[in-house]
Every structure is written in structure tokens, then in C-alpha cells.
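Participant: So here's structure16.cif (mmCIF, C-alpha atoms).
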data_upload
loop_
_atom_site.label_atom_id
_atom_site.label_comp_id
_atom_site.auth_asym_id
_atom_site.auth_seq_id
_atom_site.Cartn_x
_atom_site.Cartn_y
_atom_site.Cartn_z
CA MET X 1 0.00 0.00 0.00
CA PHE X 2 1.22 3.47 -0.88
CA PHE X 3 0.71 6.83 0.82
CA HIS X 4 1.32 10.39 -0.33
CA LEU X 5 1.95 13.19 2.16
CA THR X 6 1.82 16.92 1.45
CA THR X 7 3.11 19.23 4.17
CA LEU X 8 2.09 22.87 4.57
CA GLY X 9 3.37 25.46 7.02
CA CYS X 10 6.48 25.62 9.17
CA PRO X 11 9.36 23.20 9.94
CA LYS X 12 7.50 22.10 13.07
CA ASN X 13 4.85 20.68 10.74
CA GLN X 14 7.61 19.00 8.75
CA VAL X 15 8.73 17.22 11.91
CA ASP X 16 5.15 16.02 12.41
CA SER X 17 4.99 14.80 8.82
CA ASP X 18 8.27 12.93 9.25
CA TYR X 19 6.81 11.30 12.34
CA ILE X 20 3.66 10.29 10.44
CA SER X 21 5.77 8.90 7.59
CA GLY X 22 7.87 6.88 10.00
CA LEU X 23 4.77 5.46 11.70
CA LEU X 24 3.21 4.38 8.41
CA GLN X 25 6.43 2.92 7.00
CA ARG X 26 6.89 0.84 10.14
CA VAL X 27 3.54 -0.87 9.56
CA GLY X 28 4.18 -1.56 5.89
CA TRP X 29 3.12 1.55 3.98
CA LYS X 30 5.41 2.92 1.25
CA PHE X 31 5.75 6.58 0.26
CA GLN X 32 4.51 7.64 -3.18
CA GLU X 33 5.50 10.99 -4.63
CA ASP X 34 2.54 11.07 -7.03
CA PRO X 35 -0.81 11.43 -5.20
CA ARG X 36 -2.59 9.96 -8.21
CA ARG X 37 -0.88 6.62 -7.59
CA ALA X 38 -1.35 6.49 -3.81
CA ASP X 39 -3.88 4.47 -1.82
CA LEU X 40 -3.80 7.09 0.93
CA VAL X 41 -3.41 10.86 0.49
CA ILE X 42 -2.56 12.92 3.58
CA VAL X 43 -2.46 16.71 3.87
CA ASN X 44 -0.68 18.07 6.95
CA THR X 45 -2.27 21.51 7.21
CA CYS X 46 -1.46 24.92 8.68
CA SER X 47 -4.01 27.35 10.10
CA PHE X 48 -1.87 30.00 11.83
CA ILE X 49 -3.41 32.85 9.85
CA VAL X 50 -6.22 33.25 7.30
CA PRO X 51 -3.95 32.89 4.21
CA ALA X 52 -2.62 29.61 5.65
CA VAL X 53 -6.17 28.35 6.18
CA GLU X 54 -7.06 29.27 2.61
CA GLU X 55 -3.96 27.50 1.25
CA SER X 56 -4.78 24.41 3.30
CA VAL X 57 -8.36 24.22 2.01
CA GLU X 58 -7.26 24.81 -1.58
CA THR X 59 -4.63 22.08 -1.32
CA VAL X 60 -7.14 19.62 0.13
CA LEU X 61 -9.58 20.30 -2.71
CA GLU X 62 -6.83 19.98 -5.33
CA LEU X 63 -5.66 16.63 -3.97
CA ALA X 64 -9.23 15.42 -3.58
CA GLU X 65 -9.69 15.97 -7.30
CA ALA X 66 -6.27 14.58 -8.27
CA ARG X 67 -6.33 11.37 -6.23
CA ARG X 68 -7.27 8.13 -7.90
CA GLU X 69 -10.64 6.49 -7.38
CA GLY X 70 -10.82 4.36 -4.25
CA SER X 71 -8.03 6.11 -2.37
CA ARG X 72 -8.66 7.70 1.02
CA LEU X 73 -8.05 11.35 1.87
CA VAL X 74 -6.79 12.34 5.33
CA VAL X 75 -6.63 15.93 6.58
CA ALA X 76 -4.26 16.29 9.51
CA GLY X 77 -2.69 19.00 11.63
CA CYS X 78 -3.46 22.51 12.73
CA LEU X 79 -6.57 23.03 10.59
CA VAL X 80 -8.26 20.12 12.35
CA ALA X 81 -7.04 21.20 15.78
CA ARG X 82 -8.35 24.72 15.25
CA TYR X 83 -11.77 24.09 13.71
CA GLY X 84 -12.59 20.53 14.68
CA GLU X 85 -13.79 17.52 12.73
CA LYS X 86 -17.47 18.42 13.11
CA THR X 87 -17.06 21.80 11.41
CA LEU X 88 -14.64 20.63 8.73
CA SER X 89 -16.59 17.52 7.74
CA GLY X 90 -19.46 19.75 6.67
CA LEU X 91 -17.18 22.04 4.69
CA LEU X 92 -15.00 19.29 3.19
CA PRO X 93 -17.18 16.22 2.53
CA GLU X 94 -14.44 14.90 0.22
CA VAL X 95 -12.31 14.06 3.25
CA ASP X 96 -12.46 10.55 4.71
CA ILE X 97 -10.54 11.08 7.97
CA PHE X 98 -9.63 14.10 10.10
CA VAL X 99 -6.71 13.82 12.54
CA THR X 100 -5.39 16.31 15.08
CA PRO X 101 -1.68 16.41 16.01
CA ALA X 102 -2.50 14.75 19.33
CA GLN X 103 -3.92 11.77 17.43
CA TYR X 104 -0.87 11.08 15.24
CA PRO X 105 0.34 8.11 17.34
CA GLU X 106 -2.98 6.36 16.70
CA LEU X 107 -3.09 7.04 12.94
CA PRO X 108 -2.19 3.47 11.85
CA SER X 109 -4.96 2.12 14.09
CA ILE X 110 -7.43 4.77 12.89
CA LEU X 111 -6.72 3.76 9.29
CA GLU X 112 -7.63 0.20 10.23
CA GLY X 113 -10.91 1.39 11.72
CA GLY X 114 -10.00 1.49 15.39
CA GLY X 115 -8.01 3.68 17.73
CA GLU X 116 -8.93 6.23 20.34
CA ARG X 117 -9.10 9.89 19.49
CA GLY X 118 -8.45 12.85 21.71
CA ARG X 119 -5.08 12.22 23.34
CA ARG X 120 -2.98 15.33 23.95
CA GLY X 121 0.66 16.11 24.40
CA LEU X 122 3.85 14.61 23.07
CA GLN X 123 3.09 10.95 23.65
CA GLU X 124 5.20 9.01 21.15
CA PRO X 125 5.02 5.24 21.65
CA VAL X 126 7.09 4.83 18.47
CA PRO X 127 10.23 7.02 18.33
CA ARG X 128 10.67 9.23 15.31
CA ALA X 129 12.79 7.28 12.87
CA TYR X 130 12.49 9.21 9.63
CA SER X 131 13.54 12.62 8.31
CA SER X 132 12.72 13.88 4.83
CA THR X 133 15.60 16.39 5.00
CA LEU X 134 18.33 13.96 6.09
CA CYS X 135 19.32 13.45 2.44
CA ARG X 136 20.34 17.13 2.42
CA GLY X 137 22.40 16.78 5.57
CA TYR X 138 20.17 18.43 8.15
CA VAL X 139 17.36 17.35 10.45
CA TYR X 140 14.70 19.34 12.28
CA VAL X 141 14.23 18.31 15.92
CA LYS X 142 11.25 19.60 17.88
CA VAL X 143 12.01 20.45 21.51
CA SER X 144 8.48 21.25 22.66
CA GLU X 145 4.86 21.50 21.67
CA GLY X 146 2.47 24.40 22.24
CA CYS X 147 3.18 27.76 23.87
CA HIS X 148 2.62 29.31 27.30
CA ARG X 149 2.65 32.88 26.01
CA ARG X 150 -0.56 34.62 25.00
CA CYS X 151 0.48 37.10 22.33
CA ALA X 152 -2.69 38.94 21.34
CA TYR X 153 -2.49 38.13 17.62
CA CYS X 154 -1.57 34.45 17.93
CA ALA X 155 -3.86 31.41 17.71
CA ILE X 156 -1.11 28.85 18.42
CA PRO X 157 -2.01 28.25 22.12
CA ASP X 158 -5.55 27.39 21.04
CA ILE X 159 -4.36 25.20 18.18
CA ARG X 160 -1.44 23.42 19.81
CA GLY X 161 -2.22 23.90 23.49
CA PRO X 162 0.02 25.07 26.33
CA LEU X 163 3.76 24.53 26.45
CA VAL X 164 4.76 20.87 26.81
CA SER X 165 8.52 20.31 26.71
CA ARG X 166 9.93 17.01 25.55
CA PRO X 167 12.14 15.15 28.04
CA THR X 168 15.79 16.02 27.50
CA GLU X 169 16.86 12.39 27.23
CA GLU X 170 14.26 11.79 24.51
CA ILE X 171 15.55 14.71 22.45
CA VAL X 172 19.17 13.63 22.89
CA ARG X 173 18.27 10.07 21.78
CA GLU X 174 16.59 11.44 18.66
CA VAL X 175 19.56 13.65 17.83
CA SER X 176 21.97 10.75 18.39
CA PHE X 177 19.82 8.52 16.16
CA PHE X 178 20.05 10.93 13.22
CA LEU X 179 23.72 11.68 13.79
CA ARG X 180 24.45 7.98 13.36
CA ARG X 181 22.58 8.15 10.08
CA GLY X 182 24.66 11.00 8.72
CA ALA X 183 23.06 14.23 9.91
CA ARG X 184 25.50 17.15 9.92
CA GLU X 185 23.20 19.92 11.12
CA ILE X 186 20.61 19.65 13.87
CA VAL X 187 17.97 22.40 13.71
CA LEU X 188 16.11 22.81 17.00
CA VAL X 189 12.56 24.09 16.59
CA GLY X 190 9.56 24.85 18.80
CA GLN X 191 6.99 27.60 19.18
CA ASP X 192 9.49 29.30 21.51
CA THR X 193 12.73 27.37 21.99
CA THR X 194 13.96 29.68 24.76
CA SER X 195 11.01 28.55 26.92
CA TYR X 196 12.09 24.93 26.71
CA GLY X 197 11.63 23.33 30.13
CA LYS X 198 9.84 26.26 31.75
CA ASP X 199 6.74 24.13 32.17
CA TRP X 200 8.79 22.08 34.64
CA GLY X 201 9.30 25.14 36.82
CA GLY X 202 12.14 27.66 36.99
CA ARG X 203 14.15 29.04 34.12
CA SER X 204 14.74 27.72 30.60
CA ARG X 205 16.47 24.36 30.21
CA LEU X 206 17.63 25.22 26.67
CA PRO X 207 21.20 25.93 27.85
CA SER X 208 21.47 22.51 29.51
CA LEU X 209 19.90 20.86 26.44
CA LEU X 210 22.57 22.44 24.24
CA GLU X 211 25.22 21.16 26.63
CA GLU X 212 23.84 17.63 26.39
CA ILE X 213 23.56 17.66 22.60
CA THR X 214 26.99 19.13 21.95
CA ALA X 215 28.56 16.49 24.21
CA LEU X 216 27.60 13.86 21.62
CA GLU X 217 30.35 12.59 19.36
CA GLY X 218 30.45 13.54 15.71
CA ASP X 219 31.25 16.33 13.29
CA PHE X 220 27.98 18.22 13.45
CA ARG X 221 26.54 21.64 14.25
CA VAL X 222 23.41 22.82 16.06
CA ARG X 223 21.18 25.69 14.95
CA VAL X 224 18.50 27.10 17.25
CA MET X 225 15.39 28.67 15.72
CA TYR X 226 12.51 30.74 17.19
CA MET X 227 14.25 32.44 20.12
CA HIS X 228 11.86 34.73 21.98
CA PRO X 229 13.75 37.97 22.80
CA GLU X 230 12.91 37.65 26.50
CA GLY X 231 14.75 34.33 26.56
CA VAL X 232 18.07 35.66 25.30
CA ASP X 233 20.08 35.98 28.51
CA GLU X 234 23.61 35.38 29.77
CA TRP X 235 22.98 31.66 30.40
CA LEU X 236 21.82 31.09 26.85
CA LEU X 237 24.68 33.12 25.35
CA GLU X 238 27.17 31.17 27.42
CA ALA X 239 25.63 27.87 26.30
CA MET X 240 25.78 28.94 22.65
CA ASP X 241 29.47 29.80 22.93
CA ARG X 242 30.45 26.31 21.86
CA PRO X 243 32.17 25.15 18.66
CA LYS X 244 29.25 22.90 17.74
CA VAL X 245 26.58 25.62 18.11
CA TYR X 246 26.13 28.06 15.25
CA PRO X 247 26.23 31.76 16.23
CA TYR X 248 22.84 32.20 14.59
CA PHE X 249 20.01 34.05 16.33
CA ASP X 250 16.39 33.90 15.12
CA LEU X 251 14.52 36.66 16.98
CA PRO X 252 10.77 37.30 16.51
CA PHE X 253 10.71 40.88 17.82
CA GLN X 254 7.40 41.61 15.99
CA HIS X 255 7.65 45.36 16.65
CA VAL X 256 9.63 47.97 18.58
CA ASP X 257 7.03 50.60 19.46
CA PRO X 258 6.20 50.07 23.17
CA ALA X 259 2.50 50.90 22.73
CA VAL X 260 2.12 48.45 19.86
CA LEU X 261 4.02 45.76 21.79
CA ARG X 262 1.79 46.26 24.84
CA ALA X 263 -1.28 45.86 22.64
CA MET X 264 0.31 42.65 21.34
CA HIS X 265 0.69 41.47 24.97
CA ARG X 266 4.46 41.55 24.60
CA ARG X 267 7.13 43.28 26.64
CA GLY X 268 10.02 45.30 25.24
CA ASP X 269 10.72 48.47 23.31
CA TYR X 270 13.19 50.02 20.90
CA ALA X 271 15.95 50.50 23.49
CA SER X 272 15.69 47.06 25.11
CA TYR X 273 15.66 45.30 21.76
CA ARG X 274 18.65 47.31 20.57
CA ARG X 275 20.49 46.19 23.70
CA ILE X 276 19.75 42.55 22.86
CA VAL X 277 21.17 43.01 19.36
CA GLU X 278 24.26 44.78 20.72
CA ILE X 279 24.88 42.15 23.42
CA ILE X 280 24.67 39.35 20.87
CA ARG X 281 27.07 41.05 18.49
CA ARG X 282 29.46 41.91 21.30
CA SER X 283 29.45 38.28 22.45
CA PHE X 284 29.56 36.86 18.91
CA PRO X 285 31.20 39.36 16.49
CA GLN X 286 30.42 37.09 13.50
CA ALA X 287 26.84 36.35 14.58
CA ALA X 288 24.11 36.03 11.96
CA LEU X 289 20.84 37.61 13.08
CA ARG X 290 17.41 36.92 11.68
CA ALA X 291 14.43 38.96 12.93
CA THR X 292 10.68 38.86 12.37
CA PHE X 293 8.35 41.87 12.32
CA MET X 294 4.64 42.41 11.83
CA VAL X 295 3.12 45.52 10.27
CA GLY X 296 -0.42 46.85 10.41
CA PHE X 297 -1.32 45.69 13.93
CA PRO X 298 -4.14 47.76 15.50
CA GLY X 299 -2.61 50.94 16.86
CA GLU X 300 0.38 51.03 14.52
CA ASP X 301 0.42 54.54 13.06
CA ALA X 302 2.86 56.30 10.73
CA ALA X 303 5.13 57.30 13.62
CA SER X 304 5.42 53.77 15.04
CA PHE X 305 6.10 52.41 11.56
CA ARG X 306 8.88 54.97 11.05
CA LEU X 307 10.35 53.82 14.37
CA LEU X 308 10.29 50.23 13.11
CA CYS X 309 12.04 51.24 9.88
CA ARG X 310 14.72 53.06 11.84
CA PHE X 311 15.28 50.00 14.01
CA VAL X 312 15.71 47.76 10.96
CA GLU X 313 18.09 50.24 9.34
CA GLU X 314 20.22 50.59 12.48
CA SER X 315 20.25 46.91 13.42
CA ARG X 316 21.37 45.65 9.98
CA PHE X 317 19.88 42.19 10.31
CA ASP X 318 21.29 39.47 8.09
CA TRP X 319 17.79 38.19 7.33
CA LEU X 320 14.27 39.41 7.96
CA GLY X 321 10.82 37.85 8.03
CA LEU X 322 7.94 40.29 7.40
CA PHE X 323 4.21 39.76 7.84
CA GLY X 324 1.06 41.81 7.64
CA TYR X 325 -1.26 41.53 10.64
CA SER X 326 -4.10 39.06 10.16
CA GLN X 327 -7.19 39.38 12.36
CA GLU X 328 -7.71 35.87 13.71
CA GLU X 329 -10.98 34.77 15.28
CA GLY X 330 -10.59 33.65 18.88
CA THR X 331 -7.40 35.59 19.58
CA PRO X 332 -7.26 38.38 22.20
CA ALA X 333 -6.64 40.92 19.42
CA PHE X 334 -9.69 39.93 17.37
CA PRO X 335 -12.00 42.56 19.00
CA LEU X 336 -9.46 45.27 18.09
CA GLY X 337 -10.32 44.96 14.41
CA GLY X 338 -8.23 44.37 11.34
CA GLY X 339 -5.65 47.07 11.97
CA SER X 340 -4.32 49.08 9.06
CA SER X 341 -6.01 48.82 5.69
CA ARG X 342 -4.80 46.23 3.23
CA ARG X 343 -3.29 48.95 1.07
CA VAL X 344 -1.35 50.42 4.00
CA LYS X 345 -0.08 47.00 5.07
CA GLN X 346 1.11 46.21 1.57
CA GLU X 347 2.86 49.57 1.27
CA ARG X 348 4.60 49.16 4.62
CA LEU X 349 5.69 45.65 3.72
CA ARG X 350 7.02 46.96 0.42
CA ARG X 351 9.00 49.75 2.08
CA LEU X 352 10.52 47.46 4.70
CA SER X 353 11.33 44.83 2.07
CA LEU X 354 13.19 47.35 -0.08
CA LEU X 355 15.11 48.58 2.94
CA GLN X 356 16.09 45.08 4.03
CA GLU X 357 16.88 43.97 0.47
CA GLU X 358 19.70 46.50 0.25
CA ILE X 359 20.98 45.50 3.70
CA MET X 360 21.08 41.83 2.68
CA ARG X 361 22.87 42.68 -0.56
CA GLU X 362 25.45 44.62 1.42
CA LYS X 363 25.85 41.70 3.84
CA ALA X 364 26.42 39.36 0.90
CA ARG X 365 29.08 41.68 -0.58
CA GLN X 366 30.85 41.80 2.78
CA THR X 367 31.36 38.03 2.72
CA VAL X 368 33.39 38.12 -0.51
CA GLY X 369 36.86 36.84 0.30
CA MET X 370 35.73 35.04 3.44
CA ASP X 371 36.47 31.36 4.05
CA LEU X 372 33.45 29.39 5.28
CA TRP X 373 32.54 25.83 6.16
CA VAL X 374 29.37 24.97 4.31
CA LEU X 375 26.98 22.05 4.28
CA VAL X 376 26.36 20.87 0.72
CA GLU X 377 22.65 20.19 0.17
CA GLY X 378 22.65 18.98 -3.40
CA GLU X 379 22.27 20.10 -7.00
CA SER X 380 20.72 23.51 -7.47
CA GLU X 381 17.46 23.73 -9.38
CA GLU X 382 17.64 27.52 -9.36
CA ALA X 383 21.16 27.69 -10.84
CA PRO X 384 21.89 24.68 -13.07
CA GLY X 385 25.54 23.71 -13.02
CA HIS X 386 25.91 24.59 -9.36
CA TRP X 387 25.65 22.95 -5.98
CA GLU X 388 23.62 24.58 -3.26
CA ALA X 389 25.11 24.85 0.20
CA ARG X 390 24.66 26.76 3.47
CA SER X 391 27.06 28.19 6.02
CA TYR X 392 26.27 29.16 9.62
CA ARG X 393 24.70 32.35 8.21
CA GLU X 394 21.85 30.63 6.39
CA ALA X 395 19.06 28.62 7.97
CA PRO X 396 17.42 26.06 5.68
CA GLU X 397 14.45 27.13 3.56
CA VAL X 398 14.15 30.70 4.88
CA ASP X 399 17.50 32.43 4.20
CA GLY X 400 19.86 32.72 1.24
CA VAL X 401 22.18 30.04 -0.11
CA VAL X 402 25.80 29.52 -1.16
CA PHE X 403 26.22 28.48 -4.81
CA ILE X 404 29.25 26.34 -5.68
CA PRO X 405 30.00 25.97 -9.42
CA HIS X 406 30.50 22.41 -10.60
CA GLY X 407 34.09 21.28 -10.80
CA ASP X 408 34.43 19.06 -7.75
CA ASP X 409 32.89 15.74 -6.84
CA LEU X 410 30.80 17.03 -3.96
CA LYS X 411 28.01 15.14 -2.26
CA ALA X 412 24.84 16.22 -0.53
CA GLY X 413 25.20 16.06 3.22
CA GLU X 414 28.94 16.64 3.42
CA TRP X 415 31.03 19.55 4.69
CA CYS X 416 33.15 21.64 2.37
CA GLU X 417 35.49 24.55 3.09
CA VAL X 418 34.95 27.31 0.54
CA ARG X 419 36.01 30.84 -0.23
CA VAL X 420 33.32 33.33 -1.25
CA THR X 421 34.21 34.79 -4.64
CA ALA X 422 31.15 36.84 -5.57
CA ALA X 423 27.78 38.09 -4.39
CA GLU X 424 24.68 37.38 -6.45
CA GLY X 425 21.96 39.54 -4.93
CA ILE X 426 21.41 38.24 -1.40
CA ASP X 427 23.14 34.92 -2.22
CA VAL X 428 26.84 34.26 -2.69
CA VAL X 429 29.04 32.19 -5.00
CA ALA X 430 31.98 30.27 -3.56
CA VAL X 431 34.60 27.74 -4.63
CA PRO X 432 36.13 24.94 -2.58
CA ARG X 433 39.43 25.88 -0.95
CA GLY X 434 41.03 22.99 -2.80
CA ARG X 435 40.45 24.82 -6.07
CA LEU X 436 42.47 27.82 -4.90
CA GLY X 437 46.16 28.10 -5.78
CA LYS X 438 48.89 28.91 -3.27
CA ASN X 439 48.32 32.62 -3.89
CA GLY X 440 44.66 32.20 -2.99
CA ARG X 441 43.40 32.51 -6.56
CA LYS X 442 41.06 30.11 -8.25
CA THR X 443 42.95 27.38 -10.07
CA PRO X 444 42.01 26.70 -13.71
CA GLY X 445 39.76 23.73 -14.28
CA ARG X 446 37.55 22.13 -16.85
CA LYS X 447 34.78 24.50 -17.85
CA ARG X 448 31.29 23.20 -17.19
CA ARG X 449 27.79 24.40 -17.80
CA GLY X 450 26.93 27.22 -15.38
CA ASN X 451 30.55 28.35 -14.75
#
Go ahead and express the file in the form of C-alpha cells.
Facilitator:
Amino acid sequence: MFFHLTTLGCPKNQVDSDYISGLLQRVGWKFQEDPRRADLVIVNTCSFIVPAVEESVETVLELAEARREGSRLVVAGCLVARYGEKTLSGLLPEVDIFVTPAQYPELPSILEGGGERGRRGLQEPVPRAYSSTLCRGYVYVKVSEGCHRRCAYCAIPDIRGPLVSRPTEEIVREVSFFLRRGAREIVLVGQDTTSYGKDWGGRSRLPSLLEEITALEGDFRVRVMYMHPEGVDEWLLEAMDRPKVYPYFDLPFQHVDPAVLRAMHRRGDYASYRRIVEIIRRSFPQAALRATFMVGFPGEDAASFRLLCRFVEESRFDWLGLFGYSQEEGTPAFPLGGGSSRRVKQERLRRLSLLQEEIMREKARQTVGMDLWVLVEGESEEAPGHWEARSYREAPEVDGVVFIPHGDDLKAGEWCEVRVTAAEGIDVVAVPRGRLGKNGRKTPGRKRRGN
């Protein structure tokens, strides 16, 4: 029997999909890339904001039409957790089975017509044994589920529940499992990784988790994503000051105007966030910083937007994620209205994007001449004749890439020391150090397509 699985949303959903795939493969199912040839079609959905809900529904309808006659259609994930089977079954009669994230462990039994529904938390009777990204050298590892914060705009606590941290020993076993299978980069993810372990009482256990992971043997690196600004403290910075931890900081600031942040149910302001950026760069001079901001939240006026632009210009982030506020039913901010008009949101996103685009281009130019260790991910579809790779500066799927022209027998999932030779927009081109002569210049080689 064959199953097809389409994943929407964030890397945390990808971890869930890998877990589902591992469960099904253990009981005899085989993955099928083409949904038209599968006996079972699964859509792991996202419902964080309205556009994600719309994409999820559209994808379900497309796969319902594309699947072959007699196959079953399963809708899983956040869409089901947010709206419930009763509501969705009326809207999507094409679907045979609805499954929430809490029900994933029982999916094989549910497919056979049995199984209990309604379990919550991170109960995993079968360890995760599959990663769809391992072939590219990296693996996402989820450290927790849910979130204990109640940001006014966010539906995650209602969708995924309160913070539930995974036991440290369970995470370390999973990391060790994938290291033995060739993983070179471990990407830690969660709704808020800096809150890891806070549900057990006391302060974050992320520093001790990093200590445990980096004590494992092997030539690998760890990247931490989704660091809430309030969680960046001296203990975390000390824990990250290890050779196996990338100096990469993913910071969802969301805004810098104190009034807007208060309305978002978040603490902080321009000055405190600038101090965080300065402390990180003082502790890690080569640090790569990624930030996330939201525009158009209720109460954001022209003055607060100008303050946000100034912060971005002064902070010179390596990468930036930008979103327009989406009024989400059931969130604390829903009664506040939709915020700025659609036209204003689009204009503010455009202005910030142009500002950040030039910063990222400048950052790319500054790397020319630098020597970097990169993880080769495979052949590039975007630039034929090149390999795609990433250094500590680039997180998978969301940041830029390092292009390496063909000329060496490289393999996906292996390390390579390169020298950056050119900037191509926000991306860079590099050549392996072995192709540089004694004077540091590129040695002549056979010309190939794309050179």
C-alpha cells in the first residue's frame, strides 16, 4: 500500500509529517510521490493565519480531485485542531478522515478502523525514525509543543495547546539517532525554543539541552530557531558559545514601538531590543541575526512604523521575516479589528522589504573573500551547473544560499570549506578551498555548464 503526504506550514509541521511517515512505514506503507498513484493521500495543514487556512483548504480540494478512485483522503494537523472535525466535515465532505496532532500516534490504528481519538501532548510510543531532510544533511528536531505565552495576535495556544517540553533524554536520543545516520546539522525548533523546560518550573532548560547535545560525538553543528527575545540571557549566550553551536540568532521581535508591543501582549521596546542586538554582536562578532516583524497591527500609526524602519536600518539584520497583521478569530486581538487597511499593510511591507533587500545585498558583498565551512545540500534547481550549500549564516528554507559551481565531486550532506568569490543579490558564490592556488586565486579547471 502506498501513501502520499503533502506538508504545509512551518518546519514544526515538517517534523510532524516525518513522524507520520515513520509510523506508516513501520507498519508496511510505502511513500509515493505522485498522489494519483497512492492508496492514501494525507495533507498536513497549517491554520496559523487566514492565508494559511485558505492555502490548506485549496490544497485539500486539489488533492481530492487529483487522487485516484478508491483512495482515502486524510486531513491532519493545525486546521483540524483549530476548527474541529465536526465543522470541517461539513465544509469538506471529500475528506475521509480528520486527525489532530495529538492523534498522530494512533493514525495506523485509525486507518484500520480502530483507535482512540483525543489524546494530547507529546506521547510518542514509536520514536521518530524518519527525516525527509536527512538526504540534504540536516534534520529538524522539535524540543516542545504548544506555547505558554498569549500574544494577542496568535492562535497557536488554542491550536497546539500550552507549552509541553519534551524530556531532554528523549531529544538527545533522537539527535543521536540521526547523527548515526549521517546528519551534519541539527535544527532545534519549537513555538518558543527559549522557553524549553519552563513548564517544569524555573528558568529555561535550553542551555542545559545544548550542553547535552553538543557532548555527543560527531562532526555536526546545532542551529536554534525561534528564540523569543525575552529568553536571550547570559545563560543562553554562554551555552551557545560552543564550537558545535552556530552563532545564529532567530529573533521574533514583531515590533519595537512600546504601545504596539503592549497591545500585542508583549514586553520590550526600541531601546531594550537594541540592547539585545548589541549584546549578541558583542558576544559573537560574527553572529548572523534573523528577525521577524509584523506591520499593520491595530494601533500602529505612521510614527510607530517609522520607528520600526529606523530599528531595521540601524540593526542591519542578516535576514528578515515580514508579515502583515491578520485578524484571527478567537485571539485576544480579534475585537481590536483588522488594523491598518490592506493597502497600507502592503505599502509598509514593500518599504521594509526594499530597505532590508539592500541590507542583505550589502551583507552578501561583505562576505566576498571570506572562508566558510558549508553544508552541501545537493544540486541547485535555481542555478543549473551549481551545488547549493549553506554556512552558519543561512538557515534552511528561509534564508539565502551559497552556490558552488560544478568542478568538484561534492556530495549532498557533506562539509566543504569554501572561499566566497562573488555576491549574487542576497546569495553568494563560492569555490572549494582545494580549487584555490597557493596565492589564494582560483585554479584553472575544466569548464562546465553554469561556470
Participant: Skipping near chain neighbours, those fewer than 3 positions away, what residues fall within 12 Å of X:Ala303 using all atoms listed in the file, listed as a ChimeraX atom specification?
Facilitator: /X:256-257,259-260,299-300,306-310
Participant: Enumerate, as number ranges by chain, the residues matched when the PyMOL selection byres ((chain X and resi 48) around 9) is run on the file above.
Facilitator: X: 9, 46-47, 49-53, 78-79, 154-156, 159, 328
Participant: Would you pick out the contacts of stretch 63-77 of chain X at 6 Å or less, using all atoms listed in the file, so that residues sharing its chain but fewer than 6 positions from it are not included, and give the list as a PyMOL selection string?
Facilitator: chain X and resi 35-36+39-45+95-101
Participant: With only C-alpha atoms as the atoms that count, which of X:His228, X:Ala152, X:Arg262, X:Arg267 lies nearest to X:Phe334?
Facilitator: X:Ala152
Participant: Selected by the PyMOL selection byres ((chain X and resi 339) around 9) in the shown coordinates: which residues, as a list in words?
Facilitator: Gly296, Phe297, Pro298, Gly299, Glu300, Tyr325, Ser326, Gln327, Leu336, Gly337, Gly338, Ser340, Ser341, Arg342 and Lys345 of chain X
Participant: From the set X:Ser304, X:Thr292, X:Leu237, X:Leu5, which residue has the shortest atom-to-atom contact distance to X:Tyr270, counting all atoms listed in the file?
Facilitator: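 Once distances to X:Tyr270 are computed over all atoms listed in the file, the minimum belongs to X:Ser304.
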Participant: X:Ser208, X:Thr133, X:Gln356, X:Gln103: which is nearest X:Val172, counting only C-alpha atoms?
Facilitator: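 When distances to X:Val172 are compared using only C-alpha atoms, the smallest one comes from X:Ser208.
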Participant: For the structure shown, which residues end up in the PyMOL selection byres ((chain X and resi 234) around 12)? Put them as a PyMOL selection string, please?
Facilitator: chain X and resi 204+207+230-233+235-241+276+279-280+283
Participant: Contacts of X:Phe177 at 12 Å or less, counting all atoms listed in the file, minus same-chain residues fewer than 4 places along, as a PyMOL selection string?
Facilitator: chain X and resi 127-131+134+139+141+170-173+181-183+186+213+216-218
Participant: For atom CA of X:Arg82 and atom CA of X:Ile110, determine how far apart the two atoms are, in Å to one decimal place.
Facilitator: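 For atom CA of X:Arg82 relative to atom CA of X:Ile110, the distance reads 20.1 Å.
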Participant: Measuring between all atoms listed in the file, which one of X:Asp301, X:Glu106, X:Glu278, X:Glu397 shows the shortest distance to X:Ser315?
Facilitator: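 Counting all atoms listed in the file, the residue closest to X:Ser315 is X:Glu278.
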Participant: Can you tell me, as an MDAnalysis selection string, which residues sit within 7 Å of (17.0, 25.5, 17.3) in the file's frame, using only C-alpha atoms?
Facilitator: chainID X and resid 187:189 193 223:226
Participant: What is the distance, in Å and to one decimal place, between atom CA of X:Leu206 and atom CA of X:Cys147?
Facilitator: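 Atom-to-atom, atom CA of X:Leu206 and atom CA of X:Cys147 are spaced 14.9 Å apart.
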Participant: Work out how far atom CA of X:Glu313 is from atom CA of X:Val222, in Å to one decimal.
Facilitator: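 Distance between the two atoms: 28.7 Å.
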Participant: Which residues come within 6 Å of X:Met294, counting all atoms listed in the file, excluding same-chain residues fewer than 5 positions away, as a ChimeraX atom specification?
Facilitator: /X:254,322-324
Participant: Grab stretch 70-102 of chain X from that structure and dump C-alpha atoms to a file, as an mmCIF file, in the first residue's frame.
Facilitator:
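part.cif was written with the following content:
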data_model
loop_
_atom_site.group_PDB
_atom_site.id
_atom_site.type_symbol
_atom_site.label_atom_id
_atom_site.label_comp_id
_atom_site.auth_asym_id
_atom_site.auth_seq_id
_atom_site.Cartn_x
_atom_site.Cartn_y
_atom_site.Cartn_z
ATOM 1 C CA GLY X 70 -10.820 4.363 -4.250
ATOM 2 C CA SER X 71 -8.032 6.112 -2.368
ATOM 3 C CA ARG X 72 -8.664 7.698 1.018
ATOM 4 C CA LEU X 73 -8.047 11.355 1.871
ATOM 5 C CA VAL X 74 -6.786 12.340 5.326
ATOM 6 C CA VAL X 75 -6.625 15.925 6.577
ATOM 7 C CA ALA X 76 -4.262 16.291 9.514
ATOM 8 C CA GLY X 77 -2.687 18.997 11.625
ATOM 9 C CA CYS X 78 -3.465 22.511 12.726
ATOM 10 C CA LEU X 79 -6.573 23.031 10.593
ATOM 11 C CA VAL X 80 -8.263 20.117 12.352
ATOM 12 C CA ALA X 81 -7.037 21.199 15.784
ATOM 13 C CA ARG X 82 -8.348 24.721 15.251
ATOM 14 C CA TYR X 83 -11.771 24.093 13.711
ATOM 15 C CA GLY X 84 -12.592 20.529 14.684
ATOM 16 C CA GLU X 85 -13.795 17.520 12.733
ATOM 17 C CA LYS X 86 -17.468 18.422 13.108
ATOM 18 C CA THR X 87 -17.061 21.798 11.406
ATOM 19 C CA LEU X 88 -14.638 20.627 8.731
ATOM 20 C CA SER X 89 -16.592 17.518 7.742
ATOM 21 C CA GLY X 90 -19.461 19.746 6.674
ATOM 22 C CA LEU X 91 -17.180 22.039 4.689
ATOM 23 C CA LEU X 92 -15.004 19.289 3.191
ATOM 24 C CA PRO X 93 -17.176 16.217 2.531
ATOM 25 C CA GLU X 94 -14.439 14.903 0.216
ATOM 26 C CA VAL X 95 -12.305 14.060 3.248
ATOM 27 C CA ASP X 96 -12.464 10.552 4.713
ATOM 28 C CA ILE X 97 -10.541 11.078 7.967
ATOM 29 C CA PHE X 98 -9.633 14.104 10.099
ATOM 30 C CA VAL X 99 -6.713 13.817 12.537
ATOM 31 C CA THR X 100 -5.391 16.315 15.078
ATOM 32 C CA PRO X 101 -1.676 16.412 16.008
ATOM 33 C CA ALA X 102 -2.500 14.747 19.328
#
